[in-house]
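K.L.:
One structure is given below, represented as structure tokens, and several questions about it will come after.
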Amino acid sequence: MAKMMAPSSMLERKSNAHRTAKQKKSRTAGRLIAEVFAVAVTILLFGIPLYFVFVNAAKDTQESSLLNMSWPSTFQLMENIQLVFAAENGMILRAFFNSAMITIVSIVLLILFGAMAGYVLHRKRTKSTPFINFLILVGLIIPPAVVPTIWVLESIGLFKTMPGIILVEVALHLPFTVMLYRAFMATIPKQLDEAAVIDGCGKLRLFFSIILPLLKPVSATVIVLTAVGVYNDFVNPLYFFPGAENATLQLTLYNFMSLYSTQWNLLFTNILLISLPPLVLFIFFNKRIVAGMTAGSIK
Amino acid sequence: MRKKMKSNPYTYFFLLPAAAVYLIFFILPTILSFFFSMTWWTLTDWKFIGLENFKVFLSEPSMNIGFKNTVIYAVVTSGLKVILGLLLGVFLSMRLRSVGFIRSMVFFPALLSTIAVGIAFSTLMHPSQGMINAALSFFGVAGPDWLGDTKIALLSVALVDVWKGVGIATVIFIAGIMSIPQEYHEALSIDGGNAWHRFRNITLPLSRPAMNTVIILSFIGGLRTFDLIWTMTKGGPGFSTDIIASIIYKQYQAGFYGISTAGNVILFIVVAALAFPLYLYLNRKEVDM
């Protein structure tokens with residue numbers, strides 16, 4: 001800091017250097033206090049609610065009805081998990097399966113359709129480009145029309161079906177996905193396409209064996225965003241995938257809310273089970289998730 | 001034929017699957033909603049009744065309270081997310097040992113399901129048994145009935161929304177602050193500026209794109225919100241926390257599909273009328289800078 005200052009008089013420089021050293025010392029002390037304070041507040045605000053759910057998931061019904069944070073007198077998390085799995089004829093297993101299917105198929109379709117669209121929308125500019133951009137923007141801002149969507153699904157026989165909810169999820173996630181792919185296409189030089197075409201590469205092969213593999217970073221982002229978004233989605237299954245057979249994990253949790261209104265421990269066990277997949281994802285892909293969620297936002 | 005393919009391998013064929021899904025399952029229902037909002041509708045049968053549904057929506061006190069609540073909710077949640085996200089972002093951009101821990105803790109709720117968070121906080125906010133009021137009474141403060149008092153229930157839910165969403169705002173701010181070139185900070189320290197000058201003259205103006213993103217994302221998210229409010233209060237007590245989206249659901253459940261769709265159209269208009277100008281305004285400022 002002092003080294004970079006324009007040399008004026010010796011004295012002034014010296015006093016400046018002295019001041020910065022002193023400042024630095026008090027600043028480190030200040031920083032340490034601020035840091036300890038920040039960690040304490042973080043634990044209080046963000047750690048305690050998570051801890052609260054965990055300990056109550058491990059209590060018996062009577063103890064959990066007190067809704068406090070004491071350690072369970074008998075730790076019976078495993079028993080509670082068994083009870084939750086047995087509830088409603090094993091509805092939660094069915095829900096796990098449904099949620100997993102909807103999430104995985106949505107991801108695959110979004111990567112495929114989104115990458116194809118983003119690719120051609122970046123490379124090909126025509127008179128309709130502004131209109132397409134407008135449609136994408138509309139999808140980012142406007143909420144979906146609920147009952148007309150049900151009407152459309154019903155007319156083609158997809159209401160209350162797995163393909164129906166998947167196609168709705170794909171449609172609603174497409175605008176952002178296409179935007180991500182289109183933005184990333186700018187980093188792939190057009191000369192690459194031209195070279196491939198000169199070498200006799202067809203349209204489909206150009207995309208599938210040359211472009212798509214290069215889009216991997218975006219695909220990783222899409223996987224993370226779609227996984228979190230679709231897995232945690234409550235509103236769309238509520239409207240477009242109703243019925244006891246069709247439960248998703250979020251819907252079962254919502255239904256258990258009234259079912260278990262006197263058995264908080266089982267409700268918290270259910271919350272714990274449902275939060276497990278995102279937790280595992282977070283532990284292994286922390287950086288990727290943060291990068292994915294901020295992707296395309298700072299530009 | 002072969003030559004044509006060589007000169008232009010980019011055909012709109014690639015757009016086809018995405019366009020088909022998007023048009024059938026999003027754009028078509030959106031267009032249809034304008035028509036069905038003006039009908040008495042049972043899904044199998046409809047009768048044109050003009051603007052009757054909109055009149056009902058706007059005149060019923062149980063429905064038009066939704067406007068005020070929707071806007072209040074969006075403004076409060078996005079405002080708090082911007083302020084807290086910025087402060088956390090600045091703090092976590094410093095080189096501290098605890099940055100990784102704090103950032104993970106603040107960000108993690110973003111990955112949790114809204115229903116799970118809603119249920120957990122409903123119990124924490126329980127007026128007599130909840131942990132929050134237990135902690136307050138320890139300090140001699142009588143805590144309010146967070147979700148049962150019509151005056152504060154909406155704000156209580158908004159606070160939980162901020163708890164869940166501030167992590168995303170924070171990581172967007174961190175990305176924005178980290179992208180500020182180091183030279184600016186060096187120039188400032190040569191001129192003898194302090195931490196406040198640095199924040200006021202460098203961090204704040206240069207993280208403007210990040211701030212705009214947070215404002216837009218959280219404001220639109222706030223206007224469209226449904227699941228947290230529905231889990232925590234179901235619009236109650238009374239209609240005090242009803243938002244447009246929860247009224248759409250209630251009317252749908254009651255079988256009033258026309259009114260529900262009119263609510264949807266009203267929500268489009270509210271979101272478009274507030275979000276588009278905000279978007280244009282923020283982008284204009286960005287160019288000015």
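Ordering of the structure tokens sets the chain letters (A, B, ...); residue numbers start at 1 within each chain; ligands are numbered from 1 in the order shown.
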Using only C-alpha atoms, which residues sit within 8 Å of A:Thr161 once same-chain residues fewer than 4 positions away are excluded, as an MDAnalysis selection string?

P.N.:
chainID A and resid 165 241 246

K.L.:
List as a PyMOL selection string the protein and nucleic acid residues near A:Met179, meaning an atom at most 9 Å away when only C-alpha atoms are counted, but skip any in the same chain fewer than 3 places from it.

P.N.:
chain A and resi 114+118+136+174-176+182-184+296

K.L.:
Which distance in Å separates atom CA of B:Ile168 and atom CA of B:Gln182, to one decimal?

P.N.:
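Answer for the atom CA of B:Ile168 to atom CA of B:Gln182 separation: 24.2 Å.
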
K.L.:
Work out how far apart atom CA of A:Leu253 and atom CA of B:Met232 are and give it in Å to one decimal.

P.N.:
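We find that atom CA of A:Leu253 and atom CA of B:Met232 lie 13.2 Å from each other.
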
K.L.:
For A:Phe234, find every residue with an atom within 9 Å (counting only C-alpha atoms), except residues of its own chain fewer than 3 positions away, and show them as a PDB file with C-alpha atoms, in the first residue's frame.

P.N.:
ATOM      1  CA  VAL A 230     -38.440 -30.348 -10.568  1.00  0.00           C
ATOM      2  CA  TYR A 231     -37.737 -32.458  -7.483  1.00  0.00           C
ATOM      3  CA  PRO A 237     -47.873 -31.790  -9.522  1.00  0.00           C
ATOM      4  CA  LEU A 238     -50.634 -30.354  -7.327  1.00  0.00           C
ATOM      5  CA  TYR A 239     -52.507 -29.134 -10.403  1.00  0.00           C
ATOM      6  CA  THR A 248     -44.814 -37.076  -5.665  1.00  0.00           C
ATOM      7  CA  LEU A 249     -42.621 -36.583  -2.610  1.00  0.00           C
ATOM      8  CA  GLN A 250     -43.683 -32.973  -2.150  1.00  0.00           C
ATOM      9  CA  LEU A 251     -47.347 -33.918  -2.424  1.00  0.00           C
ATOM     10  CA  TYR A 254     -48.138 -31.891   2.041  1.00  0.00           C
TER      11      TYR A 254
ATOM     12  CA  SER B 113     -38.307 -28.041  -0.591  1.00  0.00           C
ATOM     13  CA  THR B 114     -40.594 -25.115   0.149  1.00  0.00           C
ATOM     14  CA  ILE B 115     -43.108 -27.453   1.767  1.00  0.00           C
ATOM     15  CA  ASP B 227     -46.425 -22.845  -2.164  1.00  0.00           C
TER      16      ASP B 227
END
